[in-house]
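All remarks here apply to the structure that follows.
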Amino acid sequence: MRSAILGFAAGIAFLQMQAQLLPFEGHLALLIAAALLLLACWRLHRHGSRGGRQTVLRIVLFNVAGLCAGFAWGGLMAQYRLDDALPAAWEGHDVVVVGTIDSLPYRFERGVRFNFNVEKVAPQNGGRPPVPQRLALSWYSPGAFGQAGGASTPAAQAVPEVRPGERWQFTVRLKRPHGNANPHGFDYEVWLLEQNLRATGAVRPDQQSAYKNHRLQEFIWTPSNAIERGRAWLRDRIISALPQQKYAGVIVALVIGDQRAIEQSDWTIFNRTGVGHLVAISGLHITLISGMFGAFFGWLWRRSFFTRAQLPLLLPAPKVAVLAGFLAALMYVLLAGFGVPAQRTLYMLCVVGLAYWTGRLTHISYVMSLALAVVLLFDPWALLWPGFWLSFGAVAIILYASAGRIGADVSAEPQILTPVQRHRRPSRIARIRRSLRAGAYTQYVVTLGLLPLTMVLFGQYSLLSPLANAVAIPLITIVVAPLSLLGSILPAPLSQWLLLAAHAALEWLVRLLEWLAGQPFAVWQAPLPPLWVFALALGGTLLLLAPRGWPVRWLGLFGWLPLIFNTPSWPEQGQVHVTAFDVGQGMALLVETPGHRLLYDTGPYYSPESDGANRVIVPYLRARGIDHLDAVVISHNDNDHSGGALSLFKEIAVDRVYSSLAPTSAIVRAAPDHKRCQAGQQWRWDGVAFDMLYPAPVSYDSDKWKPNARSCVLKVTLGKRAILLPGDIEAVQEDELVHGPDAARLRADVLLAPHHGSGTSSTEAFLQAVQPSLALFQVGYRNRFNHPKPEVFARYGRMGIRGLRNDEAGAISLQFDKADDKIGVQEYRREHARYWYGK
C-alpha cells in the first residue's frame, strides 16, 4: 500500500509539470493500466512466493500502478476544472449574475473581495453567457482607482456590507484567470485552479449598469455557507473585542485561519525568526485542541456526566474520547479553511482513531501514507505549495530521527505495569526533565532536518528559529491559542477579557521576536540550490540524524558544503543579462553585468501592503541570492514605475539611486546617494557602457511638463549590441531626442516600448532612429488603458520589429553576448509552460 501511495504522489507531481493534458481516453487508459497492475500484484501476493525477487517485483508494480493512477486522477480533476471556463469572447463584457457569497469577504481600503457561487445568469443578446460556476470578485468603491493609497475616504464606505451565505444580484465584468508569471514567483493561476475559481472580475457600479446591485436574501442554508457565516461571526467578535489593537489580525488567524489582516511588516518579523508556521491554525494547535476535548469528554463519560447512567458499560470511555477529539479537530479544521497542514493532521487523527476503534493499531508510516493519499485525492495541487512539503517533511524527519530514541511505536502493545513497577516509576520532576529533553531533541531534529528543504523552497533560513520557537511554541500553543478560542465563543465581558489577555501575551512575544529579527545574523540567505546540491545536503542531514551506532555520522557535514558555499550566479565576461519582470501594468527591468547589477524602475503600487517590489522583484532577487544592487534608476514619479521603491529600499541594499523625482519626494528622502537623472551622465561597468540620454537639465526648471516628460532615458551598450530604456516619454520628448545632439546614439537592438505602447508615443520617426529588432511591452493583462494600443503594436510589426508582451510571455529574459551576433530571448510562459496557462 505504501509503495502504491508514493507512486500515486509521484504521478500527480509529474502531471503538474506538464504543458498539456492528455485527452480523456489517455487518462482512462492509465486508470485501466493501474487496475491491471494492482491485480497482478494481488495475484503475486496470493500465489507467489515471498522471496526477495517477488517482493521487489511487487513493490515496483505497486509504484508503477500508483504512478499511472496519480497521473490519470490529477489529469481528470484538472480537465474537469478547466472545462468550466469563461470563453475569451466574453472577457470585458458586463454580465448580470445571481448567486451566493461563498467565502469569508475581505474588506480592504478600496472595497471588498469575495468568492461568488453563480446560480443564475441573465440572458443577453438572445443567449445566456457561459459564466463559470465560481468567481473571484472585487467590489470597488467609486473613485477607488483615483487614489494611490492613504487614509480611507467617505467614498470608500459606498460598498455595502456583504456576508457569507447571502444571495445577491450583481452586474460583473469578468476575465479569464491570469496572474503575473515570473521565475520564483507566486503562481496565481494555479492557485485559482486549485480553489476552483475559473474567472475573476469586478462588480460594476450601479451608475454604469442598467441593473442595480442588490441583496436578494439574507442567508441561503448550505453546510459551506453555515461554516463561512460562523467564521465571519467569530472574526467580527474578535475585531469588536480588540478595536484598534495591532495584533487583532494575528488572533483572527489563530482562531479561523484568515491571515489577510496580518500586516506585511509583521510577516517579515515572523519569517525572519522562523515562527510563521505558528501564526495560523497549525497541526500542533489542532492536536492540542483535539487532545483537550478528548480528555474532557472522556472524563465526563467515565463519570456518566455525573448521573447514574453507567455510560462506560455502553461504550468504553477511551473510544468516546477518540470520537470527541476527532469531532473537535474536524470543527477546528473547517474553521481554519481546510489548509494542507490542517488536512494532514485531521486525516492522521482520523486514521489513528479508526485503527483504535477497530483494534487494528498500525505503524505510523501507514498513517502518514493514508493521510498523504487523502490530501492528494481531494487536492492534487497541494504539493505545489511549500506548506505541503514542510508539513509532511517535519513529521517524516521526526519519525526518522526518533526511531528507537523517544516515544513508542503506535503499533506496540500497551504496557501493563505491576504494583512494584508503578511504585518505582520516575518522580514527577524526572518525568518533566525527560519531557523537556524530548522536546528539545525534537526541536533540534526539526531545525536540522528541515534546513535543506527550507533552503530549496525559500532560499533563506532563520538561524534564530530554535530560540524563537522555544519561546513561541509553548506561549502560543498553551496560552495565546486557547485564550483566543475561548474568548471568541464565550459571552461578554468574559470574552473581551480573555482576548485582551491573549493579545497582551502576543504583544510581548512580538516585541521579543522583533528584537531577534533585528539582529544582523538572524537570517542566512543563499541562492536556491540546484537539485544535486539539495540531494547532497539532504543525504548529509539523514546521515547526521541516523540512529546511534551508525558509523561515521559526522561525514554528513560534508554533504552541506555545496549548500553552504552556494553563491549567486553572474553573467560571464563579455555578457549582459536583462530581465523584464511581469509586474502587471508597470515597469521593472534588471540589468546584470559580470560584476554589477542595476534595476530600472520598481514596478507598480498595488495596495498599502503590496507592490511590484515586495511581490515580484524582491522574491526573485532573494531566490537568486542577491541582496545588493549597485544602482536603481526610477524613471519618473508615476506609481506604475516608482510604486515599489520604498519596499525595495527596506529589503535590498542599494548603493546609488538615479531619478527625476522632486527633492521633496518620500522616495528621494529614503534613497541612498540620490542623483538627479540628466543627459550626459555615463559610467562603465565590466566593459558595459551606461549612458543617460534624457532629460536635459533645463527641463527641471519648468513646471509645464508632466512626470512622463522627465522620464530617465538610459541606454546600455555592450560592444555592438544595446538596449534603450526610455520610460514613459511621449511624442514631444521622442522628437527632442531624434533631433537632438544624441540622435546618433539612439540606435539600439532592443527597445523598451515608450509609455507601454500608448497612442502618444512610439512615433515612426523615433522607431526609425532607434531601429530595434525587438521591442518589449511591459503591460498588464487587459489593462484599463488598453496598452499597447493596437495601431501602435501594428506599427512595430510593419517596421519589422518583433514585439514581446509581458502579459503574454510572462517575464522576458535577454542575453547579450559580445562574441555572438544573436540576442538570446527566453519567455517564462514558454520555457516554464504549464497546462493551466491561458486555459
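Residue numbers start at 1 in each chain; chains themselves are named A, B, ... in the order of the C-alpha cells; ligands are numbered from 1 in the order shown.
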Practice item. Run DSSP on the backbone and give me the residues of stretch 133-321 of chain A it puts in helix (DSSP H, G or I), as a ChimeraX atom specification. Key: /A:144-146,154-158,188-194,206-208,223-241,248-256,264-273,276-278,283-302,304-306,311-313,317-321
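Ranking A:Leu463, A:Leu737, A:Val352, A:Ile12 by their shortest atom-to-atom distance to A:Phe521, with only C-alpha atoms included, puts A:Leu463 first.
Restricting the calculation to only C-alpha atoms, the smallest distance between A:Gly644 and any of A:Leu486, A:Ile238, A:Val616, A:Val322 is found for A:Val616.
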Review point. Which residue out of A:His503, A:Ile723, A:Gly759, A:Lys650 has the minimum interatomic distance to A:Gln244 when only C-alpha atoms are used?
Key: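 Once distances to A:Gln244 are computed over only C-alpha atoms, the minimum belongs to A:His503.
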As a JSON list (two decimals) with N, CA and C atoms, in the first residue's frame, please: the residues near A:Tyr658 (cut-off 9 Å, only C-alpha atoms, same-chain neighbours under 4 positions excluded).
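Written file, result-v9.json:
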```
[["chain", "number", "residue", "atom", "x", "y", "z"],
["A", 631, "ALA", "N", 22.93, 50.04, -8.46],
["A", 631, "ALA", "CA", 22.20, 51.26, -8.82],
["A", 631, "ALA", "C", 20.74, 50.92, -9.09],
["A", 632, "VAL", "N", 19.89, 51.90, -8.81],
["A", 632, "VAL", "CA", 18.47, 51.83, -9.16],
["A", 632, "VAL", "C", 18.12, 53.11, -9.89],
["A", 633, "VAL", "N", 17.48, 52.97, -11.04],
["A", 633, "VAL", "CA", 17.01, 54.12, -11.81],
["A", 633, "VAL", "C", 15.49, 54.13, -11.74],
["A", 634, "ILE", "N", 14.92, 55.20, -11.20],
["A", 634, "ILE", "CA", 13.46, 55.37, -11.15],
["A", 634, "ILE", "C", 13.13, 56.44, -12.18],
["A", 635, "SER", "N", 12.54, 56.01, -13.28],
["A", 635, "SER", "CA", 12.44, 56.89, -14.44],
["A", 635, "SER", "C", 11.62, 58.15, -14.14],
["A", 673, "ASP", "N", 22.29, 57.97, -1.50],
["A", 673, "ASP", "CA", 23.12, 58.62, -2.53],
["A", 673, "ASP", "C", 22.30, 58.92, -3.79],
["A", 674, "HIS", "N", 21.29, 59.78, -3.65],
["A", 674, "HIS", "CA", 20.41, 60.09, -4.77],
["A", 674, "HIS", "C", 21.07, 61.09, -5.72],
["A", 675, "LYS", "N", 20.90, 60.82, -7.02],
["A", 675, "LYS", "CA", 21.36, 61.74, -8.05],
["A", 675, "LYS", "C", 20.23, 61.96, -9.05],
["A", 676, "ARG", "N", 20.10, 63.20, -9.50],
["A", 676, "ARG", "CA", 19.05, 63.52, -10.47],
["A", 676, "ARG", "C", 19.48, 63.07, -11.86],
["A", 677, "CYS", "N", 18.56, 62.39, -12.57],
["A", 677, "CYS", "CA", 18.85, 61.98, -13.95],
["A", 677, "CYS", "C", 19.02, 63.21, -14.84],
["A", 712, "CYS", "N", 13.64, 59.23, -17.21],
["A", 712, "CYS", "CA", 15.06, 58.96, -17.41],
["A", 712, "CYS", "C", 15.22, 57.97, -18.56]]
```
Point to revise | DSSP-assigned strand (DSSP E or B) among stretch 308-542 of chain A, expressed as a ChimeraX atom specification | key: /A:460-462,523-525
Would you mind listing, for every residue of stretch 78-179 of chain A within 9 Å of stretch 194-217 of chain A, the two atoms forming the shortest contact and the distance between them in Å to one decimal, using only C-alpha atoms, sorted by chain and ascending residue number, as CSV?
```
residue,atom,partner,partner_atom,distance
A:Ala78,CA,A:Glu194,CA,8.8
A:Arg81,CA,A:Asn196,CA,6.5
A:Leu82,CA,A:Arg198,CA,7.6
A:Asp84,CA,A:Arg198,CA,6.7
A:Ala85,CA,A:Arg198,CA,5.8
A:Leu86,CA,A:Ala199,CA,6.5
A:Gly92,CA,A:Gly201,CA,8.9
A:Asp94,CA,A:Arg204,CA,7.8
A:Val96,CA,A:Tyr211,CA,7.7
A:Val98,CA,A:Leu216,CA,8.8
A:Asn115,CA,A:Leu197,CA,7.9
A:Phe116,CA,A:Leu197,CA,8.9
A:Val131,CA,A:Ala199,CA,8.2
A:Pro132,CA,A:Arg198,CA,6.0
A:Gln133,CA,A:Arg198,CA,7.6
A:Arg134,CA,A:Leu197,CA,5.2
A:Leu135,CA,A:Ala199,CA,5.2
A:Ala136,CA,A:Thr200,CA,4.7
A:Leu137,CA,A:Gly201,CA,5.0
A:Ser138,CA,A:Ala202,CA,4.7
A:Trp139,CA,A:Val203,CA,5.0
A:Tyr140,CA,A:Val203,CA,7.4
A:Ser141,CA,A:Pro205,CA,8.2
A:Pro142,CA,A:Pro205,CA,7.3
A:Val162,CA,A:Arg215,CA,8.7
A:Gly165,CA,A:Gln217,CA,8.8
A:Glu166,CA,A:Gln217,CA,5.8
A:Arg167,CA,A:Gln217,CA,5.0
A:Trp168,CA,A:Arg215,CA,4.4
A:Gln169,CA,A:Asn213,CA,5.5
A:Phe170,CA,A:Asn213,CA,4.8
A:Thr171,CA,A:Arg204,CA,5.6
A:Val172,CA,A:Val203,CA,4.4
A:Arg173,CA,A:Gly201,CA,5.5
A:Leu174,CA,A:Gly201,CA,4.1
A:Lys175,CA,A:Thr200,CA,5.6
A:Arg176,CA,A:Ala199,CA,4.9
A:Pro177,CA,A:Ala199,CA,5.3
A:His178,CA,A:Thr200,CA,8.5
```
